[in-house]
Amino acid sequence: MSFFLVENLTKKFGGLIANNNISMEVEKGEIRGVIGPNGAGKTTFFNLVSGFYRPTSGKVSFKGNTISGLSTNKIARLGAVRTFQRAALFTDFTVLENVSIAQHMNTNSSLLNAIFGHDNHREAESLERAEEIIEFLGMQQERDTMADNLSHGLQRQLGVAMALATEPELLMLDEPVAGMNSGEKAVMVGMIQKIRDKWGVTVLLVEHDMRTVMNLCEKITVLDFGQKLAEGSPEEIRSNPKVIEAYLGADDSVT
Amino acid sequence: MLKFNLSNHLLVGSLVVIVFFVVAPNLVSAYRLELLTIFLINVILAQSYRLMATTGDWTLCHYILMGVGAYATGVLAKMAGLPFYVVMPMACVVTAFVSLLFAIPLSRTLGFAFFIASFALGEFVRHVWLKFHYPFGGARGINGIPKLEIGQGGEWYFIDFWDSQNFYYFTLIFTILALMILFRIDRSRLGNAWKSIYSDRELSESIGIDVAKSRIMVFCVSGFLAGLAGSLLAYQIGSIDPHNFEMVEMVYLIIWCVVGGVKTFWGPLIGVLSMSVVFELTRPLAEWRPALFGLILILFLVLLPGGLETLPARIRAMLNKTSKQREAG
Amino acid sequence: MGVDTIVQTFTNALVLGSIYAMVAVGLAIAFGVMQMANFAHGELFMAGSYVVFTLYTLVGIPFLIAVILAFPIVAAIGMVFERLIFRPTRGNVLAGFMATAGAGFILQVLVGQQWGVGLMRSIQTPYPGSTEILGAAISYQRLLIFPATVVMVSGLWYFLTRVKHGKALRACAQDPEAAVLQGISLNKMTSLAMLLSGGFAGVGGALMAPIIPVTPYMGHTFAVTAFIIVIVGGMASIEGAVIAAFILGFIHTIVTTMYDSVTATMVGVFFMALVLIVKPTGLMGRVKV
Ligand SMILES: Nc1ncnc2c1ncn2[C@@H]1O[C@H](COP(=O)(O)OP(=O)(O)O)[C@@H](O)[C@H]1O
Ligand SMILES: [Mg+2]
């Protein structure tokens, strides 16, 4: 049984084939990068595997369960959780509250429990784990800041922290360093590495920024015009003439 | 420490309010007491409406849901002759069930389409009351709903609900219960999860919150409590007809929630209280009164969106600004 | 069912569909441009009826001229709504919608204080008599509504596709940001949209004045139906509104003939719920709301 398996995934928007017959396999504990020039179909791929789109054909399975066609929350409940390319947060809440809300599916919060039981969101035990995650990612200073008031870099970090709070086995990151300066990028790269190394979470990241992907991933899948162009280690990808051509053709360079 | 103090203040404040409502019957006339009973029912209604709004789903059918509770009470108490302790829970459950039937198609829509579609579904129910003379009485409605009874005359635990004071206390107990339930939901992790749907639906979904299911659930809980308000109303006024549950009433409910705000638990309470006072004080305006309330609604939406509950923060921000300007100047 | 009943039902449906179309098109235009949702659209309709009551019944101006004057008069009210309510609440559909509920209250009270609350105003038809088509009697007054709608809707279509301001309005409905970049003024467009919206509601109310009871609260039923129509049609789609108006006109008339009008309204709402379940964006919908 494969940990995460994509088989012949295809998505058509009318006549346009945004993803064409893509297959890949991700092993447990891996950090896998999916790259490609603009318009290659990365976001579409990401939305397909995370349940935001239904595939036209093909199949995605996770730990032996077919997840293509399931809604995003069901996929998340199975342990495959996504983040967003935009800074997606609950803006009216503090950092701590954001992380604590993200733990929702692992809590025993039911209506009856809310009304009659011990389910106060301010109570210490429901915040313990959230504190732990914040500490792990080094965001203690911002603990009580409103999410809205964080810098872009910190907002993206918080997004990852929230995904982590759901206790996923597979973390799917959509362009985690988009719009960041080099300092913020370094922090984010360190964070992703730490998540895999210390918590054993498998990471699948879709990214435009080549340097980040080359530094972070053990294996890289390259998409171009909706199709899988190449797959291999950073070195193999770097020296693959097809990849170089695709990126040069797309007015972008392999760095 | 600050938080500890704050919750202490709240506790003391709530106790003062409760004591006021407990002694109120001795302070006001019988007519005023009935107004006070209606006020309590309105508090339940507005608070349960706020629950709907926590997921961002404002509806236009909440008054109809209240009507469902009232009609269920009328039918069960008058035609089936059931006692109140059977009628009231059943009225709530029936309303929650109707809410479920509403919520299933509605949960496929969002925002404005949701709002307006809920209006149409509500009208559907109102037409059901109009159309079916049996058991709803058509345009005439249901008259002579028996007063609720605890015991019979002569028994030691007999309470006479023809006495409006006793019904007032009865309503007060249920109001406090409903508010406690809603307060606990507001402070729970479940409540936070529901609020998160309003904040960012896609993000909620991605962290494993079943958005569709949650929206339906909120609708049902909110409907359950609207049903309670309706049941109390039916017992209070004794007769109901489709005109009790027209759009105008819904607009007043919206006015309460817009004037007070819905973000915090206190918003709708402030809204119902202030608007009820204004309503009573402007009786002399007679037929001009709806225009005044229309104007209030417009002014709040245009000039103070967020309602009175946001006023302190706004004033603080303004003071900060002027003091900064002074420092700079 | 005899031929006469069928012809009668068909023409009644055509007339009802026309009046629905006139009211719903106005809603759809306003919603199309910056999502202005007018709760008081029914009150604008009512205002149109009162224009006819005042000018035709009280002052004695010819009926058709009163109907034509209803357009600018009610359009002006629409533009006041835009300036005082929709513009300051732009970006928040619900706020604008709720605030116009307040405006509806105000209009009802003003009209009620001027001409009497709850009193029905009877307006004599300027075109008494009826024509007989295959045994069915159809009054001239009703018959007038269908060609009037055809003229109004084709006029609107001409305006939106051929006239500069109309094209700008459409551009603005499709992509406001791009329209602004092309130098189109958003405020002018929202104002124009409410002008048209109010004008259509006003003429609709004016034409109906001799047929239905005129009261300050008459707009409500029409508003409910008009909103059902625009939901079924797809909120911002004018074509959708016209198609849905005739569908609902037919449903309503046929069910009324067979059962009664209360049942007809229920069937209409049920139809809307069905459309929402099958296609949440409506028949011609593309906008997500
Ligand atoms: N929802 C959609 N509807 C229609 N076309 C789409 C949609 N999403 C993406 N596309 C098209 O699919 C192609 C791949 O887009 P995308 O997945 O966003 O690429 P990338 O993220 O690699 O830049 C593009 O040509 C884009 O225009
Ligand atoms: Mg992309």
# chains A, B, ... in the order shown; residues from 1 in each chain; ligands from 1

call {"tool": "residues_near_ligand", "arguments": {"ligand": "ligand 2", "cutoff": "7 Å", "atoms": "only C-alpha atoms and all ligand atoms", "output": "list in words"}}
result
Asn38, Gly39, Lys42 and Thr43 of chain A

call {"tool": "closest_atom_pairs", "arguments": {"of": "chain B", "to": "chain A", "cutoff": "6 Å", "atoms": "only C-alpha atoms", "output": "Markdown table"}}
result
| residue | atom | partner | partner_atom | distance |
| --- | --- | --- | --- | --- |
| B:Ile181 | CA | A:Ile115 | CA | 5.7 |
| B:Arg184 | CA | A:Ile115 | CA | 5.5 |
| B:Ile185 | CA | A:Ala114 | CA | 5.6 |
| B:Arg187 | CA | A:Asn120 | CA | 5.6 |
| B:Ser188 | CA | A:Asn120 | CA | 4.4 |
| B:Arg189 | CA | A:His121 | CA | 4.8 |
| B:Leu190 | CA | A:Ser109 | CA | 5.7 |
| B:Ala193 | CA | A:Ile101 | CA | 5.9 |
| B:Ser199 | CA | A:Phe90 | CA | 5.4 |
| B:Glu205 | CA | A:Asn73 | CA | 5.0 |
| B:Ser206 | CA | A:Asn73 | CA | 5.7 |
| B:Ile207 | CA | A:Ala102 | CA | 5.7 |
| B:Gly208 | CA | A:Asn73 | CA | 4.1 |
| B:Ile209 | CA | A:Asn73 | CA | 5.8 |
| B:Asp210 | CA | A:Asn73 | CA | 5.6 |

call {"tool": "residues_near_ligand", "arguments": {"ligand": "ligand 1", "cutoff": "9 Å", "atoms": "only C-alpha atoms and all ligand atoms", "output": "PyMOL selection string"}}
result
chain A and resi 11-14+16-19+35-47+53+206-208+223-226

call {"tool": "write_last_selection", "arguments": {"atoms": "C-alpha atoms", "output": "PDB file, in the first residue's frame"}}
result
ATOM      1  CA  LYS A  11      -8.679  17.774 -15.093  1.00  0.00           C
ATOM      2  CA  LYS A  12     -10.337  19.563 -17.975  1.00  0.00           C
ATOM      3  CA  PHE A  13     -11.792  23.061 -17.856  1.00  0.00           C
ATOM      4  CA  GLY A  14     -14.022  22.995 -20.908  1.00  0.00           C
ATOM      5  CA  LEU A  16      -8.491  23.195 -21.729  1.00  0.00           C
ATOM      6  CA  ILE A  17      -6.653  20.248 -20.179  1.00  0.00           C
ATOM      7  CA  ALA A  18      -5.116  21.770 -17.057  1.00  0.00           C
ATOM      8  CA  ASN A  19      -3.802  18.435 -15.717  1.00  0.00           C
ATOM      9  CA  ILE A  35       7.374  22.616  -9.644  1.00  0.00           C
ATOM     10  CA  GLY A  36       6.662  24.034 -13.060  1.00  0.00           C
ATOM     11  CA  PRO A  37       6.520  27.322 -14.914  1.00  0.00           C
ATOM     12  CA  ASN A  38       3.490  29.574 -14.591  1.00  0.00           C
ATOM     13  CA  GLY A  39       0.354  28.008 -15.988  1.00  0.00           C
ATOM     14  CA  ALA A  40       1.847  24.511 -15.784  1.00  0.00           C
ATOM     15  CA  GLY A  41      -1.086  23.279 -13.745  1.00  0.00           C
ATOM     16  CA  LYS A  42       0.396  23.272 -10.228  1.00  0.00           C
ATOM     17  CA  THR A  43      -2.485  24.987  -8.501  1.00  0.00           C
ATOM     18  CA  THR A  44      -4.959  22.800 -10.329  1.00  0.00           C
ATOM     19  CA  PHE A  45      -3.024  19.731  -9.210  1.00  0.00           C
ATOM     20  CA  PHE A  46      -3.014  20.990  -5.664  1.00  0.00           C
ATOM     21  CA  ASN A  47      -6.740  21.680  -5.693  1.00  0.00           C
ATOM     22  CA  TYR A  53     -11.812  20.247  -7.366  1.00  0.00           C
ATOM     23  CA  VAL A 206       3.913  23.040  -4.758  1.00  0.00           C
ATOM     24  CA  GLU A 207       6.296  25.895  -5.316  1.00  0.00           C
ATOM     25  CA  HIS A 208       7.407  28.372  -7.896  1.00  0.00           C
ATOM     26  CA  LEU A 223       4.937  19.763 -14.485  1.00  0.00           C
ATOM     27  CA  ASP A 224       4.715  21.525 -17.823  1.00  0.00           C
ATOM     28  CA  PHE A 225       1.609  22.211 -19.893  1.00  0.00           C
ATOM     29  CA  GLY A 226      -0.391  20.071 -17.489  1.00  0.00           C
TER      30      GLY A 226
END

call {"tool": "interface_residues", "arguments": {"of": "chain C", "to": "chain B", "cutoff": "8 Å", "atoms": "only C-alpha atoms", "output": "JSON list (two decimals) with all heavy atoms, in the first residue's frame"}}
result
[["chain", "number", "residue", "atom", "x", "y", "z"],
["C", 85, "ILE", "N", -27.89, 55.20, 0.22],
["C", 85, "ILE", "CA", -27.77, 53.89, 0.84],
["C", 85, "ILE", "C", -26.74, 53.01, 0.15],
["C", 85, "ILE", "O", -25.78, 52.54, 0.77],
["C", 85, "ILE", "CB", -29.14, 53.17, 0.87],
["C", 85, "ILE", "CG1", -30.09, 53.95, 1.79],
["C", 85, "ILE", "CG2", -28.97, 51.73, 1.36],
["C", 85, "ILE", "CD1", -31.49, 53.41, 1.82],
["C", 88, "PRO", "N", -22.81, 54.41, 0.13],
["C", 88, "PRO", "CA", -22.04, 54.26, 1.38],
["C", 88, "PRO", "C", -21.89, 52.81, 1.84],
["C", 88, "PRO", "O", -20.98, 52.52, 2.62],
["C", 88, "PRO", "CB", -22.82, 55.09, 2.40],
["C", 88, "PRO", "CG", -24.06, 55.52, 1.76],
["C", 88, "PRO", "CD", -23.96, 55.32, 0.29],
["C", 89, "THR", "N", -22.76, 51.90, 1.42],
["C", 89, "THR", "CA", -22.63, 50.52, 1.90],
["C", 89, "THR", "C", -22.03, 49.61, 0.82],
["C", 89, "THR", "O", -22.12, 48.40, 0.92],
["C", 89, "THR", "CB", -23.98, 49.93, 2.32],
["C", 89, "THR", "OG1", -24.88, 49.99, 1.20],
["C", 89, "THR", "CG2", -24.59, 50.65, 3.49],
["C", 93, "VAL", "N", -23.33, 43.62, 0.52],
["C", 93, "VAL", "CA", -24.65, 43.44, -0.08],
["C", 93, "VAL", "C", -25.74, 43.46, 0.98],
["C", 93, "VAL", "O", -26.77, 44.13, 0.83],
["C", 93, "VAL", "CB", -24.75, 42.07, -0.79],
["C", 93, "VAL", "CG1", -25.93, 42.06, -1.73],
["C", 93, "VAL", "CG2", -23.48, 41.73, -1.50],
["C", 94, "LEU", "N", -25.51, 42.71, 2.05],
["C", 94, "LEU", "CA", -26.57, 42.58, 3.06],
["C", 94, "LEU", "C", -26.89, 43.91, 3.70],
["C", 94, "LEU", "O", -28.05, 44.23, 3.94],
["C", 94, "LEU", "CB", -26.16, 41.58, 4.14],
["C", 94, "LEU", "CG", -26.22, 40.11, 3.75],
["C", 94, "LEU", "CD1", -26.05, 39.24, 4.97],
["C", 94, "LEU", "CD2", -27.53, 39.79, 3.06],
["C", 95, "ALA", "N", -25.85, 44.72, 3.96],
["C", 95, "ALA", "CA", -26.09, 46.02, 4.60],
["C", 95, "ALA", "C", -26.98, 46.88, 3.72],
["C", 95, "ALA", "O", -27.94, 47.48, 4.19],
["C", 95, "ALA", "CB", -24.77, 46.72, 4.88],
["C", 96, "GLY", "N", -26.67, 46.92, 2.42],
["C", 96, "GLY", "CA", -27.49, 47.71, 1.50],
["C", 96, "GLY", "C", -28.91, 47.18, 1.46],
["C", 96, "GLY", "O", -29.88, 47.95, 1.47],
["C", 98, "MET", "N", -30.56, 45.41, 3.78],
["C", 98, "MET", "CA", -31.29, 45.68, 5.02],
["C", 98, "MET", "C", -31.64, 47.15, 5.12],
["C", 98, "MET", "O", -32.75, 47.52, 5.54],
["C", 98, "MET", "CB", -30.45, 45.28, 6.22],
["C", 98, "MET", "CG", -30.24, 43.79, 6.35],
["C", 98, "MET", "SD", -29.05, 43.47, 7.65],
["C", 98, "MET", "CE", -28.95, 41.70, 7.57],
["C", 99, "ALA", "N", -30.71, 48.02, 4.73],
["C", 99, "ALA", "CA", -30.97, 49.45, 4.83],
["C", 99, "ALA", "C", -32.13, 49.85, 3.92],
["C", 99, "ALA", "O", -32.96, 50.68, 4.29],
["C", 99, "ALA", "CB", -29.72, 50.25, 4.48],
["C", 100, "THR", "N", -32.23, 49.21, 2.74],
["C", 100, "THR", "CA", -33.36, 49.55, 1.88],
["C", 100, "THR", "C", -34.66, 49.02, 2.47],
["C", 100, "THR", "O", -35.73, 49.54, 2.14],
["C", 100, "THR", "CB", -33.17, 49.03, 0.44],
["C", 100, "THR", "OG1", -32.65, 47.72, 0.48],
["C", 100, "THR", "CG2", -32.27, 49.95, -0.35],
["C", 101, "ALA", "N", -34.58, 48.02, 3.35],
["C", 101, "ALA", "CA", -35.80, 47.62, 4.07],
["C", 101, "ALA", "C", -36.30, 48.80, 4.89],
["C", 101, "ALA", "O", -37.50, 49.08, 4.96],
["C", 101, "ALA", "CB", -35.52, 46.42, 4.97],
["C", 102, "GLY", "N", -35.34, 49.50, 5.52],
["C", 102, "GLY", "CA", -35.70, 50.71, 6.26],
["C", 102, "GLY", "C", -36.31, 51.75, 5.34],
["C", 102, "GLY", "O", -37.32, 52.38, 5.67],
["C", 103, "ALA", "N", -35.71, 51.91, 4.16],
["C", 103, "ALA", "CA", -36.24, 52.88, 3.20],
["C", 103, "ALA", "C", -37.66, 52.50, 2.78],
["C", 103, "ALA", "O", -38.51, 53.36, 2.57],
["C", 103, "ALA", "CB", -35.33, 52.94, 1.98],
["C", 104, "GLY", "N", -37.92, 51.19, 2.69],
["C", 104, "GLY", "CA", -39.26, 50.72, 2.34],
["C", 104, "GLY", "C", -40.27, 51.16, 3.39],
["C", 104, "GLY", "O", -41.35, 51.64, 3.07],
["C", 105, "PHE", "N", -39.89, 51.02, 4.67],
["C", 105, "PHE", "CA", -40.75, 51.48, 5.77],
["C", 105, "PHE", "C", -41.09, 52.96, 5.57],
["C", 105, "PHE", "O", -42.24, 53.39, 5.70],
["C", 105, "PHE", "CB", -40.01, 51.35, 7.11],
["C", 105, "PHE", "CG", -40.21, 50.02, 7.79],
["C", 105, "PHE", "CD1", -40.66, 48.92, 7.10],
["C", 105, "PHE", "CD2", -39.93, 49.88, 9.15],
["C", 105, "PHE", "CE1", -40.82, 47.70, 7.72],
["C", 105, "PHE", "CE2", -40.10, 48.66, 9.79],
["C", 105, "PHE", "CZ", -40.55, 47.58, 9.08],
["C", 106, "ILE", "N", -40.06, 53.74, 5.26],
["C", 106, "ILE", "CA", -40.24, 55.19, 5.15],
["C", 106, "ILE", "C", -41.20, 55.50, 4.00],
["C", 106, "ILE", "O", -42.13, 56.30, 4.16],
["C", 106, "ILE", "CB", -38.88, 55.89, 4.96],
["C", 106, "ILE", "CG1", -38.04, 55.70, 6.23],
["C", 106, "ILE", "CG2", -39.06, 57.36, 4.65],
["C", 106, "ILE", "CD1", -36.63, 56.25, 6.14],
["C", 107, "LEU", "N", -40.99, 54.86, 2.86],
["C", 107, "LEU", "CA", -41.88, 55.10, 1.72],
["C", 107, "LEU", "C", -43.33, 54.75, 2.06],
["C", 107, "LEU", "O", -44.26, 55.49, 1.74],
["C", 107, "LEU", "CB", -41.43, 54.29, 0.51],
["C", 107, "LEU", "CG", -40.38, 54.91, -0.41],
["C", 107, "LEU", "CD1", -40.14, 54.02, -1.60],
["C", 107, "LEU", "CD2", -40.81, 56.30, -0.86],
["C", 108, "GLN", "N", -43.51, 53.60, 2.72],
["C", 108, "GLN", "CA", -44.87, 53.18, 3.09],
["C", 108, "GLN", "C", -45.54, 54.22, 3.97],
["C", 108, "GLN", "O", -46.70, 54.58, 3.75],
["C", 108, "GLN", "CB", -44.82, 51.84, 3.84],
["C", 108, "GLN", "CG", -44.61, 50.65, 2.94],
["C", 108, "GLN", "CD", -44.41, 49.37, 3.73],
["C", 108, "GLN", "OE1", -44.38, 49.38, 4.96],
["C", 108, "GLN", "NE2", -44.26, 48.27, 3.02],
["C", 109, "VAL", "N", -44.77, 54.70, 4.95],
["C", 109, "VAL", "CA", -45.36, 55.68, 5.88],
["C", 109, "VAL", "C", -45.68, 56.98, 5.14],
["C", 109, "VAL", "O", -46.77, 57.55, 5.30],
["C", 109, "VAL", "CB", -44.41, 55.94, 7.06],
["C", 109, "VAL", "CG1", -44.86, 57.14, 7.87],
["C", 109, "VAL", "CG2", -44.33, 54.71, 7.94],
["C", 110, "LEU", "N", -44.76, 57.45, 4.33],
["C", 110, "LEU", "CA", -44.98, 58.71, 3.62],
["C", 110, "LEU", "C", -46.22, 58.63, 2.74],
["C", 110, "LEU", "O", -47.08, 59.51, 2.76],
["C", 110, "LEU", "CB", -43.75, 59.07, 2.77],
["C", 110, "LEU", "CG", -42.51, 59.50, 3.54],
["C", 110, "LEU", "CD1", -41.36, 59.79, 2.58],
["C", 110, "LEU", "CD2", -42.81, 60.72, 4.40],
["C", 113, "GLN", "N", -49.35, 58.41, 4.91],
["C", 113, "GLN", "CA", -49.74, 59.67, 5.53],
["C", 113, "GLN", "C", -50.34, 60.63, 4.50],
["C", 113, "GLN", "O", -51.23, 61.40, 4.81],
["C", 113, "GLN", "CB", -48.52, 60.32, 6.21],
["C", 113, "GLN", "CG", -48.05, 59.57, 7.43],
["C", 113, "GLN", "CD", -49.16, 59.38, 8.45],
["C", 113, "GLN", "OE1", -49.80, 60.33, 8.86],
["C", 113, "GLN", "NE2", -49.40, 58.14, 8.85],
["C", 224, "VAL", "N", -41.70, 39.78, -3.30],
["C", 224, "VAL", "CA", -41.39, 38.37, -3.03],
["C", 224, "VAL", "C", -41.24, 37.63, -4.35],
["C", 224, "VAL", "O", -40.23, 36.95, -4.59],
["C", 224, "VAL", "CB", -42.52, 37.71, -2.20],
["C", 224, "VAL", "CG1", -42.20, 36.22, -2.01],
["C", 224, "VAL", "CG2", -42.67, 38.38, -0.87],
["C", 227, "PHE", "N", -38.16, 38.61, -6.31],
["C", 227, "PHE", "CA", -36.92, 38.03, -5.80],
["C", 227, "PHE", "C", -36.81, 36.55, -6.15],
["C", 227, "PHE", "O", -35.74, 36.05, -6.49],
["C", 227, "PHE", "CB", -36.79, 38.24, -4.29],
["C", 227, "PHE", "CG", -36.16, 39.56, -3.96],
["C", 227, "PHE", "CD1", -36.89, 40.58, -3.37],
["C", 227, "PHE", "CD2", -34.84, 39.78, -4.27],
["C", 227, "PHE", "CE1", -36.31, 41.80, -3.10],
["C", 227, "PHE", "CE2", -34.24, 41.00, -4.00],
["C", 227, "PHE", "CZ", -34.98, 42.02, -3.41],
["C", 228, "ILE", "N", -37.93, 35.83, -6.07],
["C", 228, "ILE", "CA", -37.91, 34.43, -6.48],
["C", 228, "ILE", "C", -37.46, 34.35, -7.94],
["C", 228, "ILE", "O", -36.62, 33.53, -8.31],
["C", 228, "ILE", "CB", -39.30, 33.79, -6.32],
["C", 228, "ILE", "CG1", -39.64, 33.70, -4.84],
["C", 228, "ILE", "CG2", -39.34, 32.41, -6.95],
["C", 228, "ILE", "CD1", -41.03, 33.18, -4.57],
["C", 231, "ILE", "N", -33.72, 34.95, -8.37],
["C", 231, "ILE", "CA", -32.93, 33.81, -7.90],
["C", 231, "ILE", "C", -32.98, 32.70, -8.94],
["C", 231, "ILE", "O", -31.96, 32.14, -9.32],
["C", 231, "ILE", "CB", -33.47, 33.27, -6.56],
["C", 231, "ILE", "CG1", -33.22, 34.26, -5.44],
["C", 231, "ILE", "CG2", -32.78, 31.95, -6.22],
["C", 231, "ILE", "CD1", -33.81, 33.82, -4.13],
["C", 262, "VAL", "N", -52.95, 30.98, -3.39],
["C", 262, "VAL", "CA", -52.04, 30.61, -2.30],
["C", 262, "VAL", "C", -51.22, 29.39, -2.71],
["C", 262, "VAL", "O", -49.99, 29.36, -2.57],
["C", 262, "VAL", "CB", -52.83, 30.32, -1.00],
["C", 262, "VAL", "CG1", -51.91, 29.75, 0.06],
["C", 262, "VAL", "CG2", -53.49, 31.57, -0.50],
["C", 263, "THR", "N", -51.89, 28.40, -3.27],
["C", 263, "THR", "CA", -51.18, 27.22, -3.75],
["C", 263, "THR", "C", -50.18, 27.62, -4.83],
["C", 263, "THR", "O", -49.05, 27.11, -4.86],
["C", 263, "THR", "CB", -52.17, 26.20, -4.35],
["C", 263, "THR", "OG1", -53.29, 26.12, -3.48],
["C", 263, "THR", "CG2", -51.53, 24.85, -4.52],
["C", 265, "THR", "N", -48.51, 30.41, -5.22],
["C", 265, "THR", "CA", -47.30, 30.97, -4.62],
["C", 265, "THR", "C", -46.43, 29.87, -4.05],
["C", 265, "THR", "O", -45.21, 29.87, -4.19],
["C", 265, "THR", "CB", -47.67, 31.98, -3.51],
["C", 265, "THR", "OG1", -48.57, 32.92, -4.06],
["C", 265, "THR", "CG2", -46.44, 32.68, -2.99],
["C", 266, "MET", "N", -47.08, 28.88, -3.40],
["C", 266, "MET", "CA", -46.31, 27.79, -2.81],
["C", 266, "MET", "C", -45.57, 27.00, -3.89],
["C", 266, "MET", "O", -44.41, 26.64, -3.72],
["C", 266, "MET", "CB", -47.25, 26.86, -2.02],
["C", 266, "MET", "CG", -47.74, 27.53, -0.74],
["C", 266, "MET", "SD", -49.14, 26.67, 0.00],
["C", 266, "MET", "CE", -48.38, 25.13, 0.48],
["C", 269, "VAL", "N", -42.50, 28.97, -5.01],
["C", 269, "VAL", "CA", -41.38, 28.88, -4.07],
["C", 269, "VAL", "C", -40.74, 27.50, -4.14],
["C", 269, "VAL", "O", -39.51, 27.36, -4.11],
["C", 269, "VAL", "CB", -41.86, 29.17, -2.64],
["C", 269, "VAL", "CG1", -40.73, 28.93, -1.65],
["C", 269, "VAL", "CG2", -42.36, 30.57, -2.53],
["C", 270, "PHE", "N", -41.57, 26.50, -4.27],
["C", 270, "PHE", "CA", -41.05, 25.14, -4.36],
["C", 270, "PHE", "C", -40.16, 25.00, -5.60],
["C", 270, "PHE", "O", -39.09, 24.41, -5.54],
["C", 270, "PHE", "CB", -42.21, 24.15, -4.43],
["C", 270, "PHE", "CG", -41.78, 22.73, -4.34],
["C", 270, "PHE", "CD1", -41.39, 22.19, -3.12],
["C", 270, "PHE", "CD2", -41.74, 21.92, -5.46],
["C", 270, "PHE", "CE1", -40.96, 20.88, -3.03],
["C", 270, "PHE", "CE2", -41.31, 20.62, -5.38],
["C", 270, "PHE", "CZ", -40.93, 20.10, -4.17],
["C", 273, "ALA", "N", -36.84, 26.48, -4.84],
["C", 273, "ALA", "CA", -36.01, 25.59, -4.02],
["C", 273, "ALA", "C", -35.41, 24.49, -4.89],
["C", 273, "ALA", "O", -34.24, 24.13, -4.74],
["C", 273, "ALA", "CB", -36.83, 24.99, -2.88],
["C", 276, "LEU", "N", -32.57, 25.83, -6.87],
["C", 276, "LEU", "CA", -31.40, 26.03, -6.02],
["C", 276, "LEU", "C", -30.67, 24.73, -5.75],
["C", 276, "LEU", "O", -29.44, 24.69, -5.68],
["C", 276, "LEU", "CB", -31.82, 26.65, -4.68],
["C", 276, "LEU", "CG", -32.06, 28.14, -4.68],
["C", 276, "LEU", "CD1", -32.41, 28.59, -3.28],
["C", 276, "LEU", "CD2", -30.83, 28.88, -5.17],
["C", 277, "ILE", "N", -31.44, 23.65, -5.58],
["C", 277, "ILE", "CA", -30.80, 22.38, -5.28],
["C", 277, "ILE", "C", -30.08, 21.85, -6.52],
["C", 277, "ILE", "O", -28.94, 21.39, -6.44],
["C", 277, "ILE", "CB", -31.84, 21.36, -4.78],
["C", 277, "ILE", "CG1", -32.33, 21.77, -3.40],
["C", 277, "ILE", "CG2", -31.25, 19.96, -4.72],
["C", 277, "ILE", "CD1", -33.48, 20.97, -2.87],
["C", 280, "PRO", "N", -27.43, 25.81, -8.08],
["C", 280, "PRO", "CA", -27.46, 26.90, -7.11],
["C", 280, "PRO", "C", -27.23, 28.28, -7.73],
["C", 280, "PRO", "O", -27.62, 29.29, -7.14],
["C", 280, "PRO", "CB", -26.32, 26.57, -6.14],
["C", 280, "PRO", "CG", -26.10, 25.11, -6.30],
["C", 280, "PRO", "CD", -26.46, 24.78, -7.71],
["C", 289, "VAL", "N", -22.58, 34.40, -5.58],
["C", 289, "VAL", "CA", -22.96, 35.38, -4.54],
["C", 289, "VAL", "C", -22.91, 34.74, -3.16],
["C", 289, "VAL", "O", -22.87, 33.53, -3.06],
["C", 289, "VAL", "CB", -24.36, 35.95, -4.77],
["C", 289, "VAL", "CG1", -24.30, 37.05, -5.80],
["C", 289, "VAL", "CG2", -25.33, 34.88, -5.16]]

call {"tool": "select_by_dssp", "arguments": {"residues": "range 16-114 of chain C", "states": "helix (DSSP H, G or I)", "output": "ChimeraX atom specification"}}
result
/C:16-32,41-59,63-86,93-114

call {"tool": "residues_around", "arguments": {"residues": "Met180 in chain A", "least_positions_apart": "6", "cutoff": "10 Å", "atoms": "only C-alpha atoms", "output": "NGL selection string"}}
result
:A and (152-154 or 156 or 186 or 188)

call {"tool": "atom_distance", "arguments": {"atom1": "CA of Ser231 in chain B", "atom2": "CA of Gln152 in chain B"}}
result
21.5 Å

call {"tool": "atom_distance", "arguments": {"atom1": "CA of Val68 in chain B", "atom2": "CA of Ile254 in chain C"}}
result
29.1 Å

call {"tool": "select_by_dssp", "arguments": {"residues": "range 84-217 of chain C", "states": "strand (DSSP E)", "output": "list in words"}}
result
Ser130, Thr131, Glu132, Ile133, Ala136, Ala137, Ile138 and Ser139 of chain C

call {"tool": "residues_around", "arguments": {"residues": "Thr145 in chain A", "least_positions_apart": "5", "cutoff": "9 Å", "atoms": "only C-alpha atoms", "output": "ChimeraX atom specification"}}
result
/A:93-96,150

call {"tool": "closest_residue", "arguments": {"among": "B:Thr282, B:Ser276, B:Thr322, B:Thr264", "to": "Gln47 in chain B", "atoms": "only C-alpha atoms"}}
result
B:Thr264

call {"tool": "residues_around", "arguments": {"residues": "Tyr217 in chain C", "least_positions_apart": "2", "cutoff": "9 Å", "atoms": "only C-alpha atoms", "output": "list of chain:residue names"}}
result
C:Gly42, C:Glu43, C:Met46, C:Gln108, C:Gly112, C:Val117, C:Gly118, C:Val214, C:Thr215, C:Gly219, C:His220, C:Thr221
